[in-house]
>>> print(open('upload_17.pdb').read())   # PDB, C-alpha atoms
ATOM      1  CA  MET A   1      15.960  67.823  65.242
ATOM      2  CA  THR A   2      15.290  66.411  68.707
ATOM      3  CA  THR A   3      16.219  62.831  69.558
ATOM      4  CA  PRO A   4      15.032  61.855  73.048
ATOM      5  CA  PHE A   5      17.284  59.300  74.738
ATOM      6  CA  THR A   6      18.149  57.610  78.013
ATOM      7  CA  TYR A   7      21.690  57.379  79.323
ATOM      8  CA  ILE A   8      23.914  56.060  82.099
ATOM      9  CA  ILE A   9      26.738  58.016  83.662
ATOM     10  CA  THR A  10      29.169  55.954  85.718
ATOM     11  CA  HIS A  11      31.469  57.381  88.376
ATOM     12  CA  ILE A  12      34.465  55.204  87.560
ATOM     13  CA  PRO A  13      36.204  55.215  90.990
ATOM     14  CA  SER A  14      33.070  54.072  92.885
ATOM     15  CA  ASN A  15      31.145  52.376  90.042
ATOM     16  CA  VAL A  16      28.013  54.247  91.196
ATOM     17  CA  LYS A  17      25.758  55.136  88.269
ATOM     18  CA  TYR A  18      23.129  57.669  87.280
ATOM     19  CA  TYR A  19      20.337  56.776  84.854
ATOM     20  CA  GLY A  20      18.733  59.727  83.106
ATOM     21  CA  VAL A  21      16.576  60.875  80.243
ATOM     22  CA  ARG A  22      17.157  63.773  77.855
ATOM     23  CA  PHE A  23      14.416  65.222  75.680
ATOM     24  CA  ALA A  24      15.107  68.954  75.429
ATOM     25  CA  GLU A  25      14.456  70.795  72.201
ATOM     26  CA  CYS A  26      17.220  70.064  69.678
ATOM     27  CA  CYS A  27      18.921  67.526  71.951
ATOM     28  CA  HIS A  28      20.965  64.773  70.376
ATOM     29  CA  PRO A  29      22.729  61.740  71.868
ATOM     30  CA  SER A  30      26.113  63.123  70.752
ATOM     31  CA  ASP A  31      25.614  65.917  73.338
ATOM     32  CA  LEU A  32      26.117  63.469  76.210
ATOM     33  CA  GLY A  33      29.510  64.014  77.809
ATOM     34  CA  THR A  34      30.352  66.892  75.469
ATOM     35  CA  THR A  35      27.801  69.676  75.976
ATOM     36  CA  TYR A  36      25.321  67.902  78.255
ATOM     37  CA  PHE A  37      26.526  66.203  81.412
ATOM     38  CA  SER A  38      23.427  65.359  83.477
ATOM     39  CA  SER A  39      20.369  66.764  85.157
ATOM     40  CA  SER A  40      21.672  65.393  88.478
ATOM     41  CA  LYS A  41      23.074  68.011  90.857
ATOM     42  CA  THR A  42      25.102  65.254  92.521
ATOM     43  CA  VAL A  43      26.724  64.157  89.266
ATOM     44  CA  LYS A  44      27.377  67.745  88.151
ATOM     45  CA  SER A  45      29.018  68.498  91.497
ATOM     46  CA  LEU A  46      31.230  65.403  91.332
ATOM     47  CA  ILE A  47      32.279  66.252  87.768
ATOM     48  CA  GLN A  48      33.269  69.719  88.966
ATOM     49  CA  GLU A  49      35.174  68.350  91.979
ATOM     50  CA  GLU A  50      36.882  65.330  90.412
ATOM     51  CA  GLY A  51      36.993  66.084  86.710
ATOM     52  CA  ILE A  52      35.210  64.576  83.752
ATOM     53  CA  SER A  53      37.866  61.887  83.284
ATOM     54  CA  ASN A  54      36.406  60.066  86.324
ATOM     55  CA  PHE A  55      33.121  59.470  84.477
ATOM     56  CA  ALA A  56      31.940  57.242  81.657
ATOM     57  CA  PHE A  57      28.985  58.343  79.523
ATOM     58  CA  GLU A  58      26.798  55.872  77.674
ATOM     59  CA  VAL A  59      23.666  56.436  75.605
ATOM     60  CA  ARG A  60      21.349  53.529  76.362
ATOM     61  CA  LYS A  61      18.290  53.892  74.142
ATOM     62  CA  LEU A  62      16.868  56.295  71.519
ATOM     63  CA  PHE A  63      13.181  57.170  71.293
ATOM     64  CA  GLU A  64      10.742  58.626  68.805
ATOM     65  CA  THR A  65       8.920  60.723  71.417
ATOM     66  CA  LYS A  66       9.653  62.514  74.656
ATOM     67  CA  GLN A  67       6.896  60.601  76.448
ATOM     68  CA  ALA A  68       8.287  57.221  75.369
ATOM     69  CA  ALA A  69      11.704  58.194  76.763
ATOM     70  CA  ILE A  70      10.201  59.365  80.068
ATOM     71  CA  ASN A  71       8.162  56.177  80.409
ATOM     72  CA  TRP A  72      11.191  53.999  79.735
ATOM     73  CA  GLU A  73      13.331  55.869  82.284
ATOM     74  CA  SER A  74      10.669  55.449  84.949
ATOM     75  CA  LYS A  75      10.233  51.723  84.240
ATOM     76  CA  PHE A  76      13.977  51.188  84.425
ATOM     77  CA  LEU A  77      14.432  53.167  87.658
ATOM     78  CA  LEU A  78      11.529  51.351  89.309
ATOM     79  CA  ARG A  79      12.846  47.961  88.190
ATOM     80  CA  VAL A  80      16.303  48.533  89.702
ATOM     81  CA  LYS A  81      14.879  50.531  92.663
ATOM     82  CA  ALA A  82      17.508  53.154  91.919
ATOM     83  CA  ALA A  83      16.345  55.688  94.512
ATOM     84  CA  GLN A  84      16.738  53.099  97.262
ATOM     85  CA  SER A  85      20.014  51.602  96.024
ATOM     86  CA  PRO A  86      23.561  52.616  97.011
ATOM     87  CA  HIS A  87      24.632  51.661  93.458
ATOM     88  CA  TRP A  88      22.733  54.572  91.885
ATOM     89  CA  PHE A  89      22.972  58.353  92.322
ATOM     90  CA  ASN A  90      19.279  58.719  91.422
ATOM     91  CA  LYS A  91      17.251  60.133  94.297
ATOM     92  CA  ASN A  92      13.926  59.493  92.561
ATOM     93  CA  ASN A  93      12.506  56.665  90.512
ATOM     94  CA  GLY A  94      11.198  59.046  87.861
ATOM     95  CA  GLY A  95       7.659  59.077  86.578
ATOM     96  CA  ARG A  96       4.981  61.665  85.981
ATOM     97  CA  ASN A  97       5.266  63.431  89.335
ATOM     98  CA  PHE A  98       9.013  63.806  88.955
ATOM     99  CA  ILE A  99       9.107  65.259  85.441
ATOM    100  CA  TRP A 100       5.847  67.105  85.009
ATOM    101  CA  PRO A 101       5.619  69.727  87.762
ATOM    102  CA  ARG A 102       7.642  72.059  85.506
ATOM    103  CA  GLY A 103       5.400  71.437  82.520
ATOM    104  CA  LYS A 104       2.081  71.271  84.353
ATOM    105  CA  PRO A 105      -0.605  73.437  82.738
ATOM    106  CA  LYS A 106      -1.053  76.745  84.539
ATOM    107  CA  SER A 107      -4.357  78.363  85.428
ATOM    108  CA  GLU A 108      -5.298  81.713  83.898
ATOM    109  CA  LEU A 109      -4.835  83.359  87.315
ATOM    110  CA  THR A 110      -1.306  81.962  87.582
ATOM    111  CA  LYS A 111      -0.490  83.145  84.047
ATOM    112  CA  GLN A 112      -1.729  86.659  84.899
ATOM    113  CA  ARG A 113       0.410  86.734  88.042
ATOM    114  CA  MET A 114       3.443  85.584  86.070
ATOM    115  CA  ARG A 115       2.970  88.441  83.564
ATOM    116  CA  LYS A 116       3.171  91.085  86.278
ATOM    117  CA  PRO A 117       6.560  92.741  86.914
ATOM    118  CA  LYS A 118       8.516  91.085  89.698
ATOM    119  CA  SER A 119       9.976  94.393  90.881
ATOM    120  CA  ASP A 120       9.858  98.092  90.068
ATOM    121  CA  SER A 121      12.922  97.812  87.845
ATOM    122  CA  HIS A 122      11.585  94.761  85.963
TER     123      HIS A 122
END
>>> encode(input="upload_17.pdb", output="structure tokens")
Amino acid sequence: MTTPFTYIITHIPSNVKYYGVRFAECCHPSDLGTTYFSSSKTVKSLIQEEGISNFAFEVRKLFETKQAAINWESKFLLRVKAAQSPHWFNKNNGGRNFIWPRGKPKSELTKQRMRKPKSDSH
């Protein structure tokens, strides 16, 4: 069962935070800080460099749907102006353009191109 949720990860030494959303298939809030650490490359890199003990993980809110979680994340990030703030690792304030390029419907031509082998050995 999938439980979409938002979360905050705090870098304890600097008190800089990352606000994120998780809605992957079969995700659960208990994954945070155990099997799921962030979608942020910056946070992942810092965890690798400094160790997980320098971070605090907190589930903020649970949602019924993926879209509700995405909407909430965007509203929060816009309200705190996270992308413009030195107190947040977020480089984007979320929203449709941030999340959806990966899930954007593809044209038939694009689908046909994707079906073709990428190389001779593929």
>>> resolve_selection(input="upload_17.pdb", expression="the PyMOL selection byres ((chain A and resi 17) around 7)", output="list in words")
Ile8, Ile9, Thr10, His11, Asn15, Val16, Tyr18, Tyr19, His87, Trp88 and Phe89 of chain A
>>> atom_distance(input="upload_17.pdb", atom1="atom CA of A:Gln84", atom2="atom CA of A:Lys41")
17.4 Å
>>> atom_distance(input="upload_17.pdb", atom1="atom CA of A:Arg60", atom2="atom CA of A:Phe23")
13.6 Å
>>> resolve_selection(input="upload_17.pdb", expression="the PyMOL selection byres ((chain A and resi 30-40) around 8)", output="list in words")
Tyr18, Gly20, Cys27, His28, Pro29, Lys41, Thr42, Val43, Lys44, Phe57, Glu58, Val59 and Asn90 of chain A
>>> closest_residue(input="upload_17.pdb", among="A:Met1, A:Ile12, A:Leu109, A:Val21", to="A:Glu73", atoms="only C-alpha atoms")
A:Val21
>>> atom_distance(input="upload_17.pdb", atom1="atom CA of A:Glu25", atom2="atom CA of A:Ser74")
20.3 Å
>>> closest_residue(input="upload_17.pdb", among="A:Ala24, A:Leu77, A:Ala69, A:Leu62", to="A:Asn92", atoms="all atoms listed in the file")
A:Leu77
